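As stored in target12.cif (mmCIF, C-alpha atoms):
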data_coords
loop_
_atom_site.label_atom_id
_atom_site.label_comp_id
_atom_site.auth_asym_id
_atom_site.auth_seq_id
_atom_site.Cartn_x
_atom_site.Cartn_y
_atom_site.Cartn_z
CA PHE S 20 -27.40 26.81 -188.90
CA ASP S 21 -28.12 23.10 -189.15
CA VAL S 22 -29.03 22.76 -185.46
CA PHE S 23 -31.49 25.64 -185.65
CA TYR S 24 -32.94 24.48 -188.97
CA ARG S 25 -33.56 20.95 -187.79
CA GLY S 26 -35.09 22.23 -184.57
CA PHE S 27 -37.46 24.65 -186.31
CA LEU S 28 -38.42 22.12 -188.97
CA GLY S 29 -39.09 19.35 -186.45
CA GLU S 30 -41.36 21.63 -184.44
CA TYR S 31 -43.28 23.42 -187.19
CA ILE S 32 -43.74 20.74 -189.84
CA LYS S 33 -46.23 18.96 -187.61
CA PRO S 34 -49.80 19.14 -188.98
CA ASP S 35 -51.11 20.97 -185.90
CA ALA S 36 -48.21 23.43 -185.66
CA ASP S 37 -48.84 27.16 -186.01
CA LEU S 38 -46.30 28.53 -188.49
CA ASN S 39 -47.13 32.05 -187.35
CA GLN S 40 -45.34 31.29 -184.10
CA LEU S 41 -42.13 30.71 -186.05
CA VAL S 42 -42.70 33.98 -187.92
CA HIS S 43 -43.16 35.80 -184.58
CA GLU S 44 -39.99 34.23 -183.19
CA ILE S 45 -37.88 35.30 -186.19
CA HIS S 46 -39.37 38.80 -186.21
CA LYS S 47 -38.49 39.10 -182.51
CA LEU S 48 -34.87 38.20 -183.27
CA CYS S 49 -34.68 40.84 -186.00
CA LYS S 50 -36.51 43.59 -184.16
CA GLU S 51 -33.60 44.76 -182.02
CA LEU S 52 -30.99 44.58 -184.79
CA LYS S 53 -30.17 48.04 -186.16
CA VAL S 54 -28.16 47.62 -189.33
CA THR S 55 -27.54 49.46 -192.58
CA SER S 56 -25.45 48.39 -195.53
CA ASP S 57 -22.54 50.37 -194.08
CA SER S 58 -22.77 49.82 -190.34
CA GLY S 59 -24.10 47.70 -187.50
CA TRP S 60 -22.92 44.30 -188.71
CA ASN S 61 -21.13 43.48 -185.50
CA ALA S 62 -20.35 40.10 -183.97
CA GLU S 63 -23.74 39.95 -182.23
CA VAL S 64 -25.62 40.43 -185.50
CA LYS S 65 -23.47 37.94 -187.39
CA ALA S 66 -24.03 35.38 -184.64
CA LEU S 67 -27.82 35.68 -185.10
CA ILE S 68 -27.84 35.47 -188.92
CA PRO S 69 -27.62 31.62 -189.00
CA GLN S 70 -30.61 31.35 -186.66
CA ILE S 71 -32.65 33.88 -188.66
CA LEU S 72 -31.74 32.14 -191.92
CA ALA S 73 -32.66 28.76 -190.42
CA GLY S 74 -36.10 30.09 -189.51
CA VAL S 75 -36.62 31.46 -193.03
CA PHE S 76 -35.61 28.19 -194.66
CA ALA S 77 -37.70 26.14 -192.22
CA ALA S 78 -40.74 28.25 -193.13
CA PHE S 79 -39.94 27.75 -196.82
CA THR S 80 -39.68 23.98 -196.41
CA VAL S 81 -42.99 23.78 -194.55
CA CYS S 82 -44.77 26.05 -197.04
CA LYS S 83 -43.52 24.23 -200.14
CA SER S 84 -43.57 20.60 -199.03
CA GLY S 85 -45.00 20.27 -195.51
CA LYS S 86 -48.43 19.00 -196.56
CA SER S 87 -46.99 16.37 -198.91
CA PHE S 88 -44.56 15.25 -196.22
CA ASN S 89 -47.28 14.83 -193.61
CA ARG S 90 -49.58 12.90 -195.98
CA ILE S 91 -46.87 10.43 -196.90
CA SER S 92 -45.37 10.14 -193.42
CA GLU S 93 -48.65 8.99 -191.89
CA THR S 94 -47.44 5.43 -192.47
CA SER S 95 -44.09 4.42 -191.03
CA GLU S 96 -43.22 2.48 -194.19
CA LYS S 97 -43.19 5.71 -196.22
CA ALA S 98 -41.47 7.98 -193.69
CA GLN S 99 -38.18 7.88 -195.59
CA LEU S 100 -39.94 8.86 -198.83
CA GLY S 101 -41.48 11.81 -197.00
CA GLN S 102 -38.00 13.06 -196.04
CA GLN S 103 -36.95 12.89 -199.67
CA LEU S 104 -39.88 15.09 -200.70
CA LEU S 105 -38.92 17.96 -198.40
CA MET S 106 -37.55 21.02 -200.18
CA LYS S 107 -34.47 21.72 -198.08
CA PRO S 108 -31.54 24.05 -198.67
CA HIS S 109 -28.23 22.37 -199.44
CA ASN S 110 -24.78 23.31 -198.18
CA ILE S 111 -23.78 25.55 -201.09
CA GLN S 112 -26.92 27.65 -200.71
CA VAL S 113 -26.51 28.10 -196.98
CA LEU S 114 -22.78 28.86 -197.13
CA THR S 115 -23.31 31.37 -199.94
CA ILE S 116 -25.88 33.34 -197.96
CA LEU S 117 -23.84 33.26 -194.75
CA TYR S 118 -20.84 34.54 -196.70
CA MET S 119 -22.94 37.31 -198.23
CA PHE S 120 -23.97 38.46 -194.75
CA GLY S 121 -20.40 38.66 -193.51
CA CYS S 122 -20.36 35.61 -191.28
CA ALA S 123 -16.87 34.75 -192.57
CA SER S 124 -15.48 38.29 -192.25
CA PRO S 125 -13.48 39.62 -189.26
CA GLU S 126 -15.54 40.37 -186.17
CA ASN S 127 -14.45 44.01 -186.14
CA GLU S 128 -15.73 44.58 -189.68
CA GLN S 129 -19.16 46.19 -189.30
CA SER S 130 -20.17 46.85 -192.91
CA LEU S 131 -21.26 44.49 -195.67
CA ARG S 132 -18.84 44.06 -198.53
CA SER S 133 -19.99 44.09 -202.13
CA GLN S 134 -20.02 40.50 -203.31
CA LEU S 135 -19.64 38.70 -206.62
CA LEU S 136 -20.47 35.03 -206.11
CA GLN S 137 -20.64 32.43 -208.85
CA ILE S 138 -23.20 29.66 -208.44
CA ARG S 139 -23.14 26.76 -210.87
CA THR S 140 -26.16 25.75 -212.92
CA GLY S 141 -28.52 23.66 -210.83
CA GLU S 142 -27.10 24.71 -207.45
CA GLY S 143 -30.16 26.75 -206.55
CA LYS S 144 -29.77 30.45 -207.26
CA SER S 145 -33.53 30.91 -206.89
CA MET S 146 -33.49 29.73 -203.27
CA ILE S 147 -30.39 31.79 -202.49
CA LEU S 148 -32.05 34.95 -203.82
CA GLY S 149 -35.34 34.28 -202.05
CA ALA S 150 -33.85 33.47 -198.66
CA ALA S 151 -31.38 36.38 -198.79
CA ALA S 152 -34.19 38.74 -199.81
CA THR S 153 -36.31 37.52 -196.90
CA VAL S 154 -33.53 38.06 -194.34
CA LEU S 155 -32.83 41.55 -195.71
CA GLY S 156 -36.54 42.38 -195.66
CA LEU S 157 -36.79 41.27 -192.04
CA LEU S 158 -33.89 43.59 -191.22
CA GLY S 159 -35.72 46.54 -192.75
CA PHE S 160 -34.19 46.75 -196.22
CA ARG S 161 -35.96 47.16 -199.55
CA ILE S 162 -34.79 44.50 -202.03
CA ARG S 163 -34.42 44.51 -205.79
CA CYS S 164 -33.50 41.23 -207.53
CA VAL S 165 -32.66 41.59 -211.21
CA CYS S 166 -32.34 39.08 -214.04
CA TYR S 167 -31.91 39.22 -217.81
CA SER S 168 -35.14 37.22 -218.28
CA LYS S 169 -38.64 38.23 -217.18
CA TYR S 170 -39.69 34.57 -217.21
CA LEU S 171 -36.90 33.57 -214.83
CA SER S 172 -37.50 36.62 -212.65
CA ASP S 173 -41.21 35.83 -212.32
CA ARG S 174 -40.42 32.17 -211.64
CA ASP S 175 -37.94 33.01 -208.89
CA TYR S 176 -40.35 35.44 -207.25
CA GLY S 177 -43.13 32.85 -207.37
CA LEU S 178 -40.95 30.33 -205.56
CA PHE S 179 -40.70 32.54 -202.46
CA GLU S 180 -43.86 34.64 -202.74
CA GLU S 181 -45.64 32.65 -200.04
CA VAL S 182 -42.69 33.14 -197.69
CA PHE S 183 -42.54 36.89 -198.43
CA ARG S 184 -46.25 37.10 -197.63
CA LEU S 185 -45.91 34.96 -194.49
CA PHE S 186 -43.20 37.21 -193.03
CA GLY S 187 -45.03 40.40 -194.06
CA ILE S 188 -42.31 41.73 -196.37
CA ARG S 189 -43.96 41.26 -199.75
CA GLU S 190 -44.12 45.01 -200.40
CA LYS S 191 -40.39 45.37 -199.75
CA VAL S 192 -39.30 42.85 -202.38
CA LYS S 193 -39.30 43.42 -206.12
CA TYR S 194 -38.01 41.12 -208.87
CA SER S 195 -37.54 42.45 -212.39
CA LYS S 196 -35.46 42.44 -215.56
CA ILE S 197 -32.21 44.42 -215.52
CA THR S 198 -33.66 46.81 -218.09
CA SER S 199 -36.65 47.55 -215.84
CA TYR S 200 -34.28 48.30 -212.98
CA SER S 201 -32.34 50.72 -215.19
CA GLU S 202 -35.53 52.42 -216.34
CA ASP S 203 -36.67 52.84 -212.75
CA ALA S 204 -33.28 54.25 -211.79
CA VAL S 205 -33.56 56.88 -214.50
CA ALA S 206 -37.21 57.64 -213.71
CA ARG S 207 -36.40 58.27 -210.05
CA ARG S 208 -34.18 61.18 -211.07
CA GLY S 209 -37.19 62.95 -212.58
CA ASP S 210 -38.75 63.54 -215.98
CA ILE S 211 -35.93 62.53 -218.32
CA ARG S 212 -37.47 64.41 -221.25
CA ALA S 213 -37.77 67.66 -219.27
CA MET S 214 -34.26 67.32 -217.86
CA THR S 215 -32.81 66.69 -221.33
CA LEU S 216 -34.54 69.77 -222.76
CA ALA S 217 -33.34 71.87 -219.82
CA GLN S 218 -29.77 70.71 -220.38
CA VAL S 219 -29.80 71.22 -224.15
CA PHE S 220 -31.58 74.57 -224.34
CA HIS S 221 -30.77 76.21 -221.01
CA GLY S 222 -27.59 74.49 -219.82
CA GLN S 223 -29.31 73.43 -216.62
CA THR S 224 -28.25 70.18 -214.97
CA VAL S 225 -30.73 68.60 -212.58
CA SER S 226 -29.31 65.73 -210.58
CA PRO S 227 -31.34 64.91 -207.45
CA PRO S 228 -30.18 62.10 -205.14
CA LEU S 229 -30.71 58.62 -206.55
CA SER S 230 -32.68 56.16 -204.45
CA ILE S 231 -33.64 52.75 -205.81
#

Please, can you express the file's structure as structure tokens?
Amino acid sequence: FDVFYRGFLGEYIKPDADLNQLVHEIHKLCKELKVTSDSGWNAEVKALIPQILAGVFAAFTVCKSGKSFNRISETSEKAQLGQQLLMKPHNIQVLTILYMFGCASPENEQSLRSQLLQIRTGEGKSMILGAAATVLGLLGFRIRCVCYSKYLSDRDYGLFEEVFRLFGIREKVKYSKITSYSEDAVARRGDIRAMTLAQVFHGQTVSPPLSI
């Protein structure tokens, strides 16, 4: 990951660099990967995840802090300060996402496991969610990130909104409160009032497939 990230960042943080070229390069990597939550996560896919993730994080760094970095780094005396201003992922964030995508699982395991990962306060859950959502969106998934707080949910979405837009996956990603997710889950089954009346008065049970 680190080799790819440094390479992408060094190339695309330059003032005259075209960030759309990085987007095209990452889309090209993802295009041929055919995965679902239950299949396709073979050794070839897992080997490409670090490179894809590096491209996503490099784009994030450039979007969030590239202009400030370039302004300050114009003078050699302030180059070190410019490095300190860059919004970069740290080790815990990167390792968490790689673990989520099965990079530590056996090569013959081709499905994603359900994960419960604990991240301490201040270790960057917002960046983990945003980067993971971006990778999943690039692989063709629809993403739902839930939180107990609308304020925190809106804040986390805002952090990565520019990246979602840049990679063309904004419509695939939705952040919301847990209660909103539950309400949507119920609503997708149909008119809850009509189904309740049908069950109570006619003994009819309507249970179409659930898709969130």

### Task
Within 10 Å of Tyr31 in chain S, counting only C-alpha atoms, which residues show up once you throw out same-chain ones fewer than 3 positions away? Write them as a ChimeraX atom specification, please.
/S:26-28,34-41,77-78,80-81,85

Which residues of range 103-160 of chain S sit at most 12 Å from range 58-69 of chain S, using all atoms listed in the file? Give each one's shortest atom pair and distance in Å (one decimal place), in chain and ascending residue order, as JSON lines.
{"residue": "S:Val113", "atom": "CA", "partner": "S:Pro69", "partner_atom": "CA", "distance": 8.8}
{"residue": "S:Leu114", "atom": "CA", "partner": "S:Pro69", "partner_atom": "CA", "distance": 9.9}
{"residue": "S:Thr115", "atom": "CA", "partner": "S:Pro69", "partner_atom": "CA", "distance": 11.8}
{"residue": "S:Ile116", "atom": "CA", "partner": "S:Pro69", "partner_atom": "CA", "distance": 9.3}
{"residue": "S:Leu117", "atom": "CA", "partner": "S:Pro69", "partner_atom": "CA", "distance": 7.1}
{"residue": "S:Tyr118", "atom": "CA", "partner": "S:Lys65", "partner_atom": "CA", "distance": 10.3}
{"residue": "S:Met119", "atom": "CA", "partner": "S:Ile68", "partner_atom": "CA", "distance": 10.7}
{"residue": "S:Phe120", "atom": "CA", "partner": "S:Lys65", "partner_atom": "CA", "distance": 7.4}
{"residue": "S:Gly121", "atom": "CA", "partner": "S:Lys65", "partner_atom": "CA", "distance": 6.9}
{"residue": "S:Cys122", "atom": "CA", "partner": "S:Lys65", "partner_atom": "CA", "distance": 5.5}
{"residue": "S:Ala123", "atom": "CA", "partner": "S:Lys65", "partner_atom": "CA", "distance": 9.0}
{"residue": "S:Ser124", "atom": "CA", "partner": "S:Lys65", "partner_atom": "CA", "distance": 9.4}
{"residue": "S:Pro125", "atom": "CA", "partner": "S:Ala62", "partner_atom": "CA", "distance": 8.7}
{"residue": "S:Glu126", "atom": "CA", "partner": "S:Ala62", "partner_atom": "CA", "distance": 5.3}
{"residue": "S:Asn127", "atom": "CA", "partner": "S:Asn61", "partner_atom": "CA", "distance": 6.7}
{"residue": "S:Glu128", "atom": "CA", "partner": "S:Asn61", "partner_atom": "CA", "distance": 6.9}
{"residue": "S:Gln129", "atom": "CA", "partner": "S:Trp60", "partner_atom": "CA", "distance": 4.2}
{"residue": "S:Ser130", "atom": "CA", "partner": "S:Ser58", "partner_atom": "CA", "distance": 4.7}
{"residue": "S:Leu131", "atom": "CA", "partner": "S:Trp60", "partner_atom": "CA", "distance": 7.2}
{"residue": "S:Arg132", "atom": "CA", "partner": "S:Trp60", "partner_atom": "CA", "distance": 10.6}
{"residue": "S:Ala150", "atom": "CA", "partner": "S:Ile68", "partner_atom": "CA", "distance": 11.6}
{"residue": "S:Ala151", "atom": "CA", "partner": "S:Ile68", "partner_atom": "CA", "distance": 10.5}
{"residue": "S:Thr153", "atom": "CA", "partner": "S:Ile68", "partner_atom": "CA", "distance": 11.8}
{"residue": "S:Val154", "atom": "CA", "partner": "S:Ile68", "partner_atom": "CA", "distance": 8.3}
{"residue": "S:Leu155", "atom": "CA", "partner": "S:Ile68", "partner_atom": "CA", "distance": 10.4}
{"residue": "S:Leu157", "atom": "CA", "partner": "S:Ile68", "partner_atom": "CA", "distance": 11.1}
{"residue": "S:Leu158", "atom": "CA", "partner": "S:Ile68", "partner_atom": "CA", "distance": 10.4}

#### Entry: Residue with smallest distance to Val192 in chain S - pool S:Arg161, S:Ser145, S:Asp210, S:Tyr170, counting only C-alpha atoms
S:Arg161

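CA of Glu142 in chain S to CA of Ser87 in chain S spans 23.2 Å [interatomic distance, one decimal].
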
### Query
At what distance in Å, to one decimal, does CA of Leu72 in chain S lie from CA of Lys191 in chain S?
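If I compute the distance from CA of Lys191 in chain S to CA of Leu72 in chain S, I get 17.6 Å.
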
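Here CA of Ala152 in chain S stands at a distance of 10.2 Å from CA of Val75 in chain S.
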
With only C-alpha atoms as the counted atoms, please give the residues lying no more than 10 Å from Ser195 in chain S, apart from itself and same-chain residues fewer than 6 positions off, as a CSV table (one decimal) with C-alpha atoms, in the frame of the given file.
chain,number,residue,atom,x,y,z
S,163,ARG,CA,-34.4,44.5,-205.8
S,164,CYS,CA,-33.5,41.2,-207.5
S,165,VAL,CA,-32.7,41.6,-211.2
S,166,CYS,CA,-32.3,39.1,-214.0
S,167,TYR,CA,-31.9,39.2,-217.8
S,168,SER,CA,-35.1,37.2,-218.3
S,169,LYS,CA,-38.6,38.2,-217.2
S,170,TYR,CA,-39.7,34.6,-217.2
S,171,LEU,CA,-36.9,33.6,-214.8
S,172,SER,CA,-37.5,36.6,-212.6
S,173,ASP,CA,-41.2,35.8,-212.3
S,176,TYR,CA,-40.4,35.4,-207.2

### Message
Which residues would end up in the selection if the PyMOL selection byres ((chain S and resi 47) around 12) were applied here, given that I need the answer as an NGL selection string?
### Response
:S and (40-46 or 48-52 or 67 or 70-71 or 74 or 157-158 or 186)

### Task
Could you give me, as a ChimeraX atom specification, the residues that have an atom at most 12 Å away from the point (-44.0, 23.4, -201.2) in the coordinates of the file, using only C-alpha atoms?
/S:32,76-89,104-107,177-182

For the residues in the current selection, export C-alpha atoms as a short mmCIF file (atom, residue, chain, number, x, y, z; two decimals), in the frame of the given file.
data_model
loop_
_atom_site.label_atom_id
_atom_site.label_comp_id
_atom_site.auth_asym_id
_atom_site.auth_seq_id
_atom_site.Cartn_x
_atom_site.Cartn_y
_atom_site.Cartn_z
CA ILE S 32 -43.74 20.74 -189.84
CA PHE S 76 -35.61 28.19 -194.66
CA ALA S 77 -37.70 26.14 -192.22
CA ALA S 78 -40.74 28.25 -193.13
CA PHE S 79 -39.94 27.75 -196.82
CA THR S 80 -39.68 23.98 -196.41
CA VAL S 81 -42.99 23.78 -194.55
CA CYS S 82 -44.77 26.05 -197.04
CA LYS S 83 -43.52 24.23 -200.14
CA SER S 84 -43.57 20.60 -199.03
CA GLY S 85 -45.00 20.27 -195.51
CA LYS S 86 -48.43 19.00 -196.56
CA SER S 87 -46.99 16.37 -198.91
CA PHE S 88 -44.56 15.25 -196.22
CA ASN S 89 -47.28 14.83 -193.61
CA LEU S 104 -39.88 15.09 -200.70
CA LEU S 105 -38.92 17.96 -198.40
CA MET S 106 -37.55 21.02 -200.18
CA LYS S 107 -34.47 21.72 -198.08
CA GLY S 177 -43.13 32.85 -207.37
CA LEU S 178 -40.95 30.33 -205.56
CA PHE S 179 -40.70 32.54 -202.46
CA GLU S 180 -43.86 34.64 -202.74
CA GLU S 181 -45.64 32.65 -200.04
CA VAL S 182 -42.69 33.14 -197.69
#

Rebuild range 119-130 of chain S so that it carries all heavy atoms, then output the result as a PDB file, in the coordinates of the input.
ATOM      1  N   MET S 119     -22.410  36.015-197.804  1.00  0.00           N
ATOM      2  CA  MET S 119     -22.940  37.310-198.230  1.00  0.00           C
ATOM      3  C   MET S 119     -23.187  38.234-197.042  1.00  0.00           C
ATOM      4  O   MET S 119     -22.989  39.454-197.130  1.00  0.00           O
ATOM      5  CB  MET S 119     -24.247  37.126-199.012  1.00  0.00           C
ATOM      6  CG  MET S 119     -24.087  36.564-200.402  1.00  0.00           C
ATOM      7  SD  MET S 119     -25.693  36.163-201.145  1.00  0.00           S
ATOM      8  CE  MET S 119     -26.489  37.769-201.159  1.00  0.00           C
ATOM      9  N   PHE S 120     -23.640  37.661-195.934  1.00  0.00           N
ATOM     10  CA  PHE S 120     -23.970  38.460-194.750  1.00  0.00           C
ATOM     11  C   PHE S 120     -22.785  38.622-193.793  1.00  0.00           C
ATOM     12  O   PHE S 120     -22.976  39.007-192.640  1.00  0.00           O
ATOM     13  CB  PHE S 120     -25.168  37.856-194.027  1.00  0.00           C
ATOM     14  CG  PHE S 120     -26.462  38.106-194.732  1.00  0.00           C
ATOM     15  CD1 PHE S 120     -27.171  37.071-195.311  1.00  0.00           C
ATOM     16  CD2 PHE S 120     -26.979  39.388-194.834  1.00  0.00           C
ATOM     17  CE1 PHE S 120     -28.365  37.299-195.974  1.00  0.00           C
ATOM     18  CE2 PHE S 120     -28.171  39.635-195.491  1.00  0.00           C
ATOM     19  CZ  PHE S 120     -28.868  38.587-196.066  1.00  0.00           C
ATOM     20  N   GLY S 121     -21.600  38.341-194.273  1.00  0.00           N
ATOM     21  CA  GLY S 121     -20.400  38.660-193.510  1.00  0.00           C
ATOM     22  C   GLY S 121     -20.042  37.715-192.393  1.00  0.00           C
ATOM     23  O   GLY S 121     -19.218  38.051-191.540  1.00  0.00           O
ATOM     24  N   CYS S 122     -20.645  36.531-192.379  1.00  0.00           N
ATOM     25  CA  CYS S 122     -20.360  35.610-191.280  1.00  0.00           C
ATOM     26  C   CYS S 122     -18.942  35.045-191.326  1.00  0.00           C
ATOM     27  O   CYS S 122     -18.476  34.467-190.349  1.00  0.00           O
ATOM     28  CB  CYS S 122     -21.378  34.465-191.293  1.00  0.00           C
ATOM     29  SG  CYS S 122     -23.062  34.997-190.911  1.00  0.00           S
ATOM     30  N   ALA S 123     -18.251  35.222-192.456  1.00  0.00           N
ATOM     31  CA  ALA S 123     -16.870  34.750-192.570  1.00  0.00           C
ATOM     32  C   ALA S 123     -15.876  35.910-192.473  1.00  0.00           C
ATOM     33  O   ALA S 123     -14.665  35.689-192.543  1.00  0.00           O
ATOM     34  CB  ALA S 123     -16.660  34.016-193.884  1.00  0.00           C
ATOM     35  N   SER S 124     -16.360  37.127-192.309  1.00  0.00           N
ATOM     36  CA  SER S 124     -15.480  38.290-192.250  1.00  0.00           C
ATOM     37  C   SER S 124     -15.011  38.538-190.815  1.00  0.00           C
ATOM     38  O   SER S 124     -15.595  38.006-189.867  1.00  0.00           O
ATOM     39  CB  SER S 124     -16.206  39.526-192.791  1.00  0.00           C
ATOM     40  OG  SER S 124     -17.347  39.803-192.004  1.00  0.00           O
ATOM     41  N   PRO S 125     -13.972  39.334-190.613  1.00  0.00           N
ATOM     42  CA  PRO S 125     -13.480  39.620-189.260  1.00  0.00           C
ATOM     43  C   PRO S 125     -14.554  40.224-188.374  1.00  0.00           C
ATOM     44  O   PRO S 125     -15.422  40.971-188.843  1.00  0.00           O
ATOM     45  CB  PRO S 125     -12.351  40.639-189.519  1.00  0.00           C
ATOM     46  CG  PRO S 125     -11.917  40.386-190.917  1.00  0.00           C
ATOM     47  CD  PRO S 125     -13.149  39.976-191.659  1.00  0.00           C
ATOM     48  N   GLU S 126     -14.511  39.914-187.084  1.00  0.00           N
ATOM     49  CA  GLU S 126     -15.540  40.370-186.170  1.00  0.00           C
ATOM     50  C   GLU S 126     -15.602  41.896-186.066  1.00  0.00           C
ATOM     51  O   GLU S 126     -16.665  42.469-185.809  1.00  0.00           O
ATOM     52  CB  GLU S 126     -15.310  39.774-184.775  1.00  0.00           C
ATOM     53  CG  GLU S 126     -15.561  38.273-184.708  1.00  0.00           C
ATOM     54  CD  GLU S 126     -15.492  37.746-183.291  1.00  0.00           C
ATOM     55  OE1 GLU S 126     -15.274  38.565-182.368  1.00  0.00           O
ATOM     56  OE2 GLU S 126     -15.657  36.530-183.099  1.00  0.00           O
ATOM     57  N   ASN S 127     -14.469  42.550-186.269  1.00  0.00           N
ATOM     58  CA  ASN S 127     -14.450  44.010-186.140  1.00  0.00           C
ATOM     59  C   ASN S 127     -14.914  44.727-187.405  1.00  0.00           C
ATOM     60  O   ASN S 127     -14.988  45.952-187.438  1.00  0.00           O
ATOM     61  CB  ASN S 127     -13.046  44.494-185.760  1.00  0.00           C
ATOM     62  CG  ASN S 127     -12.004  44.135-186.807  1.00  0.00           C
ATOM     63  OD1 ASN S 127     -12.283  43.389-187.744  1.00  0.00           O
ATOM     64  ND2 ASN S 127     -10.804  44.665-186.648  1.00  0.00           N
ATOM     65  N   GLU S 128     -15.230  43.982-188.439  1.00  0.00           N
ATOM     66  CA  GLU S 128     -15.730  44.580-189.680  1.00  0.00           C
ATOM     67  C   GLU S 128     -17.246  44.713-189.572  1.00  0.00           C
ATOM     68  O   GLU S 128     -17.966  43.724-189.501  1.00  0.00           O
ATOM     69  CB  GLU S 128     -15.359  43.722-190.880  1.00  0.00           C
ATOM     70  CG  GLU S 128     -15.712  44.356-192.211  1.00  0.00           C
ATOM     71  CD  GLU S 128     -15.174  43.542-193.384  1.00  0.00           C
ATOM     72  OE1 GLU S 128     -13.957  43.285-193.408  1.00  0.00           O
ATOM     73  OE2 GLU S 128     -15.973  43.175-194.249  1.00  0.00           O
ATOM     74  N   GLN S 129     -17.755  45.945-189.587  1.00  0.00           N
ATOM     75  CA  GLN S 129     -19.160  46.190-189.300  1.00  0.00           C
ATOM     76  C   GLN S 129     -19.962  46.665-190.512  1.00  0.00           C
ATOM     77  O   GLN S 129     -21.074  47.176-190.367  1.00  0.00           O
ATOM     78  CB  GLN S 129     -19.302  47.195-188.161  1.00  0.00           C
ATOM     79  CG  GLN S 129     -18.700  46.684-186.858  1.00  0.00           C
ATOM     80  CD  GLN S 129     -19.275  47.395-185.647  1.00  0.00           C
ATOM     81  OE1 GLN S 129     -20.315  48.030-185.705  1.00  0.00           O
ATOM     82  NE2 GLN S 129     -18.582  47.270-184.532  1.00  0.00           N
ATOM     83  N   SER S 130     -19.426  46.514-191.698  1.00  0.00           N
ATOM     84  CA  SER S 130     -20.170  46.850-192.910  1.00  0.00           C
ATOM     85  C   SER S 130     -20.187  45.634-193.832  1.00  0.00           C
ATOM     86  O   SER S 130     -19.320  44.762-193.742  1.00  0.00           O
ATOM     87  CB  SER S 130     -19.543  48.048-193.623  1.00  0.00           C
ATOM     88  OG  SER S 130     -18.223  47.753-194.023  1.00  0.00           O
TER      89      SER S 130
END
